[in-house]
Amino acid sequence: MLFNSTEFLLFLPITFALYWLLNKRLQLQNALVLVASYLFYGWWDWRFLSLIIISTLLDFWVGQKLYASTAPKIKRRWMWLSVSFNLGLLGFFKYYNFFIDSWVSAFSQMGYEMDAWTLSIVLPVGISFYTFQTMSYTLDIYKNKLEPTRDLLAFASFVSFFPQLVAGPIERASNLLPQMLNKRVFSYKQAVDGARLILWGLFKKVVIADSLAPIVNEIFSNYESHSSSVLILGAVLFAFQIYGDFSGYSDIARGVAKFLGFELMVNFKMPYFSRSIGEFWRRWHISLSTWFRDYVYIPLGGSRLGKAKGIRNVFVIFIVSGFWHGANWTFIVWGLIHALFFIPSFLGNTNRNHVDDLILEGNWLPSFKSIFQVLFTFGLVNLAWVFFRAESMSDAVNYISSIADFSNVSNSEIVIGKKNPAYILLLLGVEYFIMRGVPKILVSFRWLFYLICGVLIFNSFFENQGAQFIYFQF
Amino acid sequence: MRKFLVKSLVYLLICSLVIISIYAYGALKNEPYVDAFYRRFTRHHNGSIVLGTSRAAQGIEPSILNNVVGEDFYNFSFTMKQSSFEKSYFEALKAFTEWTAYDSSRVTIISVDPWSIREVKSEGSAEERVNKEYLASYTSQWSYFRPNIKYLLKEKVHLSRLFADRDRYVNDFGRYVIPFDTNYLIKNYTKRAKEVLELYSQRPRFVDSEVSDYRLNYLNEIIDYCKEYGKVFLVRIPVTKEMYALENKLQYDFDDLITKISEEKGIPYINLINLSGNYQTVDGNHLWNGEVPRFSKDLASYIQSINGKR
């Protein structure tokens, strides 16, 4: 079920009403969350619910066994059982054909011809998200950061929690599971915050991302026939499309969770205002980057083992992060490029600059230095996005070569219109005020703003026919 | 909780009202330009009528018929997809018209062609298709009002479309006007006519179709209904010689079939297909806008002469 579908328009109020009718009956509320989550997921393909159920049961059981074991060797075995099973699921459904194809292609380049034995495997929606979420549970128990729960219902609801099941934020057991175990109380403020997030998330998805999608698709599909400036525009518009799409989903997920009394982590913090690649990664898909930081980078030694190993670890997490997005070399290279962009600041020990502060913090106008840094970082991020968006490595390389070829004259017409630039400016302005706080004078106009958003969402929903979210494919 | 629910409901209500108001304003202001069909769903009609598919929708100008025949004509034709003879077109016609008694001055022109009485074999039986027919949603009296918000929402007419600058429009008499000028014709005609001919020769209604008892039945039903309230004329609109040849290939005995129906029903069949090539088309199939007045005038003269004989 999509957030921007008419089914969800009915599903959400019914779930909300039933959920709060069961107020103060925690077990029944959790049972409702579980049923609603399975319905939400099963709407797409009920057969793949079995994967979530098996993953849930195995990690619930492993969690008990891990906690009960005292010998480190035994504990490690249990931890590896959970990790192998979840990565095995992911590997089979997401990467099997990629490995077979790459293997065959590598051998054929060496002169050996092999028969490829690929399967037509359907990628279960959201598999990368829920496997990582459930792994965080066993890994935290293994590291003695968390005690296992004996409440299977709460655990199953945690694994399959519908607002963030298929496209995140990837929640940690230490944050979401205790909320499943404790009584939820309806809070007016939380519900209003949730409604605002849903409205703004829908705006970003339906109005911005879905309006930009046809233009971006046209430019990337026929890049050979476009001029350098159009190709640059295509990359920039894709940057806003993917941000609107993915951060929009995260906002809706957080808003829906708030409706039910849950708090999910913030997944995006104005990433395109970052002044370095390090800052960008502290602001983009935060739930994934912190997951890799906590469960891959730090266990590998992080930056504590000297620069050489630190560099190795940086490459590992960026490449793994790229590979997480999909079984295609384009994603791996996207991760690799980010690692290369990140290394200079890592070596110069400036990668931790701007950890908490925002551009314009305490000032009305940014400095020239900040503006340059933001534009430069945005340019680097855009360059990498070309690999992320392209269908193949050759397409990505050709796209970038065509940008560099200024003799290339466009023989096609791209109509951006007036509304798309206006929407992007609105997006940047609103996001900025969300992070910094809205000035009092604007607060009084908030209902007018909500009304405009509502009308534009309705209109764009008609215009763009409820397109799917990009991150569903991951 | 109550405060939250009340505020949410008020917000949704105000949003709905604003959206409806914008739609109503846009639909009233831009009525002729909304799309090729909208205007026909904004009114009922009591006078004479033109029925058929896109050839009639673009090619028969009611205002010229009005001048010659002297009746209040309205063009209620759609396209092959919407108004080939079928149940929902018949029901929509009944909902659209406000005819209450026979009126000898009321005229119905039914444009016929081989395409509109055939059905694609692979699309299943008529019973299976009937609820999916385009006009199935417009068979009630309440589907015709102004501004028709129901239509706009059902057809997902978004605001950019509602307020867009367009040159195509439905005129006050229901005809769909595509104002291509002579420069357009000189530049595009040959290529376009060739493309359209090829397109039609690849259509399922050409390669995988048969004469439909279901459609013939509804052609008869429509004739009977219109005859009950006035005079009925069957008309075959001319196309290009190439398109005519294709239609002959599709159904060589089409004219015999329609002649038989016209004789059974006691109504005239004005077969102008032999004039194919005499009128300029825009794509080989539809009359060019600049040629529509001449054709409509000629058609009106034929009707007048038959009326005179009678």
# chains A, B, ... in the order shown; residues from 1 in each chain; ligands from 1

call {"tool": "closest_atom_pairs", "arguments": {"of": "chain B", "to": "chain A", "cutoff": "7 Å", "atoms": "only C-alpha atoms", "output": "Markdown table"}}
result
| residue | atom | partner | partner_atom | distance |
| --- | --- | --- | --- | --- |
| B:Met1 | CA | A:Tyr188 | CA | 6.4 |
| B:Phe4 | CA | A:Tyr188 | CA | 6.3 |
| B:Cys15 | CA | A:Leu451 | CA | 6.0 |
| B:Ile19 | CA | A:Val455 | CA | 6.2 |
| B:Lys156 | CA | A:Phe462 | CA | 5.4 |
| B:His158 | CA | A:Asn459 | CA | 5.4 |
| B:Leu159 | CA | A:Asn459 | CA | 6.1 |

call {"tool": "write_last_selection", "arguments": {"atoms": "C-alpha atoms", "output": "PDB file, in the first residue's frame"}}
result
ATOM      1  CA  MET B   1      -8.515  13.982  20.973  1.00  0.00           C
ATOM      2  CA  PHE B   4      -7.589  17.316  17.173  1.00  0.00           C
ATOM      3  CA  CYS B  15      -9.668  22.357   1.830  1.00  0.00           C
ATOM      4  CA  ILE B  19     -10.736  22.935  -4.124  1.00  0.00           C
ATOM      5  CA  LYS B 156      -8.936  13.632 -12.992  1.00  0.00           C
ATOM      6  CA  HIS B 158      -6.060  18.723 -12.711  1.00  0.00           C
ATOM      7  CA  LEU B 159      -5.787  22.466 -12.279  1.00  0.00           C
TER       8      LEU B 159
END

call {"tool": "residues_around", "arguments": {"residues": "Ile403 in chain A", "least_positions_apart": "5", "cutoff": "7 Å", "atoms": "only C-alpha atoms", "output": "short mmCIF file (atom, residue, chain, number, x, y, z; two decimals) with C-alpha atoms, in the first residue's frame"}}
result
data_model
loop_
_atom_site.label_atom_id
_atom_site.label_comp_id
_atom_site.auth_asym_id
_atom_site.auth_seq_id
_atom_site.Cartn_x
_atom_site.Cartn_y
_atom_site.Cartn_z
CA SER A 228 25.34 20.17 -21.42
CA LEU A 231 22.08 17.48 -18.56
CA ILE A 232 23.29 19.58 -15.61
#

call {"tool": "residues_around", "arguments": {"residues": "Ser174 in chain A", "least_positions_apart": "3", "cutoff": "7 Å", "atoms": "only C-alpha atoms", "output": "ChimeraX atom specification"}}
result
/A:146,177-178

call {"tool": "residues_around", "arguments": {"residues": "Val239 in chain B", "least_positions_apart": "6", "cutoff": "7 Å", "atoms": "only C-alpha atoms", "output": "PyMOL selection string"}}
result
chain B and resi 273+276-277+281+284-286

call {"tool": "select_by_dssp", "arguments": {"residues": "range 11-155 of chain B", "states": "strand (DSSP E)", "output": "list of chain:residue names"}}
result
B:Ser48, B:Ile49, B:Val50, B:Leu51, B:Phe73, B:Tyr74, B:Asn75, B:Val107, B:Thr108, B:Ile109, B:Ile110, B:Ser111, B:Arg118, B:Glu119, B:Val120

call {"tool": "closest_residue", "arguments": {"among": "A:Leu57, A:Ala213, A:Ile52, A:Ala36", "to": "Pro163 in chain A", "atoms": "only C-alpha atoms"}}
result
A:Ala36

call {"tool": "atom_distance", "arguments": {"atom1": "CA of Val374 in chain A", "atom2": "CA of Ser276 in chain A"}}
result
7.3 Å

call {"tool": "residues_around", "arguments": {"residues": "Tyr244 in chain B", "least_positions_apart": "4", "cutoff": "12 Å", "atoms": "only C-alpha atoms", "output": "list in words"}}
result
Asp113, Pro114, Trp115, Leu197, Tyr200, Ser201, Arg236, Ile237, Pro238, Val239, Thr240, Asn248, Lys249, Leu250, Gln251, Tyr252, Phe254, Asp255, Leu272, Ile273, Asn274, Leu275, Ser276, Gly277, Gly284 and Asn285 of chain B

call {"tool": "residues_around", "arguments": {"residues": "range 289-296 of chain B", "least_positions_apart": "6", "cutoff": "8 Å", "atoms": "only C-alpha atoms", "output": "list in words"}}
result
Gln58, Gly59, Ile60, Glu61, Pro62, Ile64, Leu65, Val177, Ile178, Pro179, Phe180, Asp181, Tyr279, Gln280, Thr281 and Val282 of chain B

call {"tool": "residues_around", "arguments": {"residues": "Asn307 in chain B", "least_positions_apart": "3", "cutoff": "12 Å", "atoms": "only C-alpha atoms", "output": "NGL selection string"}}
result
:B and (68-69 or 104-107 or 231-233 or 267-268 or 300-304 or 310)

call {"tool": "write_last_selection", "arguments": {"atoms": "N, CA and C atoms", "output": "CSV table (one decimal), in the first residue's frame"}}
result
chain,number,residue,atom,x,y,z
B,68,VAL,N,-29.5,26.4,-42.0
B,68,VAL,CA,-30.1,25.9,-43.2
B,68,VAL,C,-31.4,25.1,-42.8
B,69,VAL,N,-31.3,24.2,-41.9
B,69,VAL,CA,-32.4,23.4,-41.5
B,69,VAL,C,-33.4,24.1,-40.6
B,104,SER,N,-42.0,17.1,-35.2
B,104,SER,CA,-41.7,16.8,-36.6
B,104,SER,C,-40.5,17.7,-37.0
B,105,SER,N,-40.2,18.7,-36.3
B,105,SER,CA,-39.1,19.6,-36.7
B,105,SER,C,-37.8,19.1,-36.1
B,106,ARG,N,-37.9,18.2,-35.1
B,106,ARG,CA,-36.7,17.7,-34.4
B,106,ARG,C,-36.0,16.7,-35.3
B,107,VAL,N,-34.7,16.9,-35.5
B,107,VAL,CA,-33.9,16.0,-36.4
B,107,VAL,C,-32.7,15.4,-35.6
B,231,LYS,N,-37.4,13.2,-36.6
B,231,LYS,CA,-36.9,12.6,-37.8
B,231,LYS,C,-35.4,12.1,-37.6
B,232,VAL,N,-35.1,11.0,-38.3
B,232,VAL,CA,-33.7,10.5,-38.1
B,232,VAL,C,-33.1,10.3,-39.5
B,233,PHE,N,-31.8,10.7,-39.6
B,233,PHE,CA,-31.1,10.5,-40.8
B,233,PHE,C,-29.8,9.8,-40.5
B,267,ILE,N,-36.1,5.2,-42.6
B,267,ILE,CA,-35.4,6.4,-42.5
B,267,ILE,C,-34.3,6.6,-43.6
B,268,PRO,N,-34.0,7.8,-44.0
B,268,PRO,CA,-33.1,8.0,-45.1
B,268,PRO,C,-31.6,7.7,-44.7
B,300,ALA,N,-26.6,19.8,-44.8
B,300,ALA,CA,-27.9,20.4,-44.5
B,300,ALA,C,-28.8,20.5,-45.8
B,301,SER,N,-28.2,20.7,-46.9
B,301,SER,CA,-28.9,20.8,-48.2
B,301,SER,C,-29.5,19.4,-48.5
B,302,TYR,N,-28.7,18.4,-48.3
B,302,TYR,CA,-29.3,17.0,-48.5
B,302,TYR,C,-30.5,16.8,-47.6
B,303,ILE,N,-30.3,17.1,-46.4
B,303,ILE,CA,-31.4,16.9,-45.4
B,303,ILE,C,-32.6,17.7,-45.8
B,304,GLN,N,-32.4,19.0,-46.2
B,304,GLN,CA,-33.5,19.8,-46.7
B,304,GLN,C,-34.2,19.2,-47.9
B,310,ARG,N,-40.4,14.7,-48.7
B,310,ARG,CA,-41.3,14.1,-47.8
B,310,ARG,C,-42.5,14.9,-47.6

call {"tool": "closest_residue", "arguments": {"among": "B:Arg166, B:Arg215, B:Lys191, B:Arg203", "to": "Val112 in chain B", "atoms": "only C-alpha atoms"}}
result
B:Arg215

call {"tool": "atom_distance", "arguments": {"atom1": "CA of Arg77 in chain A", "atom2": "CA of Ile286 in chain A"}}
result
29.6 Å

call {"tool": "closest_residue", "arguments": {"among": "A:Tyr142, A:Tyr95, A:Phe40, A:Phe132", "to": "Ser69 in chain A", "atoms": "only C-alpha atoms"}}
result
A:Tyr142

call {"tool": "decode", "arguments": {"residues": "range 188-202 of chain B", "atoms": "N, CA and C atoms", "output": "PDB file, in the first residue's frame"}}
result
ATOM      1  N   ASN B 188       2.138  19.429 -42.509  1.00  0.00           N
ATOM      2  CA  ASN B 188       2.000  18.130 -41.850  1.00  0.00           C
ATOM      3  C   ASN B 188       1.069  17.121 -42.518  1.00  0.00           C
ATOM      4  N   TYR B 189       0.228  17.578 -43.445  1.00  0.00           N
ATOM      5  CA  TYR B 189      -0.866  16.719 -43.890  1.00  0.00           C
ATOM      6  C   TYR B 189      -0.412  15.361 -44.436  1.00  0.00           C
ATOM      7  N   THR B 190       0.507  15.370 -45.385  1.00  0.00           N
ATOM      8  CA  THR B 190       0.884  14.130 -46.070  1.00  0.00           C
ATOM      9  C   THR B 190       1.397  13.093 -45.069  1.00  0.00           C
ATOM     10  N   LYS B 191       2.282  13.552 -44.213  1.00  0.00           N
ATOM     11  CA  LYS B 191       2.885  12.647 -43.232  1.00  0.00           C
ATOM     12  C   LYS B 191       1.812  12.118 -42.256  1.00  0.00           C
ATOM     13  N   ARG B 192       0.995  13.051 -41.779  1.00  0.00           N
ATOM     14  CA  ARG B 192      -0.024  12.699 -40.783  1.00  0.00           C
ATOM     15  C   ARG B 192      -1.045  11.708 -41.364  1.00  0.00           C
ATOM     16  N   ALA B 193      -1.475  11.968 -42.613  1.00  0.00           N
ATOM     17  CA  ALA B 193      -2.475  11.094 -43.234  1.00  0.00           C
ATOM     18  C   ALA B 193      -1.912   9.685 -43.402  1.00  0.00           C
ATOM     19  N   LYS B 194      -0.651   9.610 -43.743  1.00  0.00           N
ATOM     20  CA  LYS B 194      -0.005   8.308 -43.927  1.00  0.00           C
ATOM     21  C   LYS B 194       0.080   7.576 -42.577  1.00  0.00           C
ATOM     22  N   GLU B 195       0.459   8.352 -41.536  1.00  0.00           N
ATOM     23  CA  GLU B 195       0.585   7.759 -40.189  1.00  0.00           C
ATOM     24  C   GLU B 195      -0.765   7.237 -39.696  1.00  0.00           C
ATOM     25  N   VAL B 196      -1.806   8.053 -39.906  1.00  0.00           N
ATOM     26  CA  VAL B 196      -3.135   7.676 -39.413  1.00  0.00           C
ATOM     27  C   VAL B 196      -3.653   6.440 -40.151  1.00  0.00           C
ATOM     28  N   LEU B 197      -3.410   6.395 -41.452  1.00  0.00           N
ATOM     29  CA  LEU B 197      -3.840   5.239 -42.236  1.00  0.00           C
ATOM     30  C   LEU B 197      -3.147   3.967 -41.715  1.00  0.00           C
ATOM     31  N   GLU B 198      -1.870   4.108 -41.427  1.00  0.00           N
ATOM     32  CA  GLU B 198      -1.111   2.961 -40.917  1.00  0.00           C
ATOM     33  C   GLU B 198      -1.618   2.559 -39.528  1.00  0.00           C
ATOM     34  N   LEU B 199      -1.896   3.586 -38.729  1.00  0.00           N
ATOM     35  CA  LEU B 199      -2.395   3.341 -37.374  1.00  0.00           C
ATOM     36  C   LEU B 199      -3.724   2.583 -37.415  1.00  0.00           C
ATOM     37  N   TYR B 200      -4.619   3.039 -38.265  1.00  0.00           N
ATOM     38  CA  TYR B 200      -5.928   2.389 -38.360  1.00  0.00           C
ATOM     39  C   TYR B 200      -5.799   0.962 -38.896  1.00  0.00           C
ATOM     40  N   SER B 201      -4.838   0.750 -39.788  1.00  0.00           N
ATOM     41  CA  SER B 201      -4.703  -0.597 -40.352  1.00  0.00           C
ATOM     42  C   SER B 201      -4.090  -1.567 -39.349  1.00  0.00           C
ATOM     43  N   GLN B 202      -3.538  -1.010 -38.250  1.00  0.00           N
ATOM     44  CA  GLN B 202      -2.964  -1.877 -37.209  1.00  0.00           C
ATOM     45  C   GLN B 202      -3.867  -1.985 -35.994  1.00  0.00           C
TER      46      GLN B 202
END
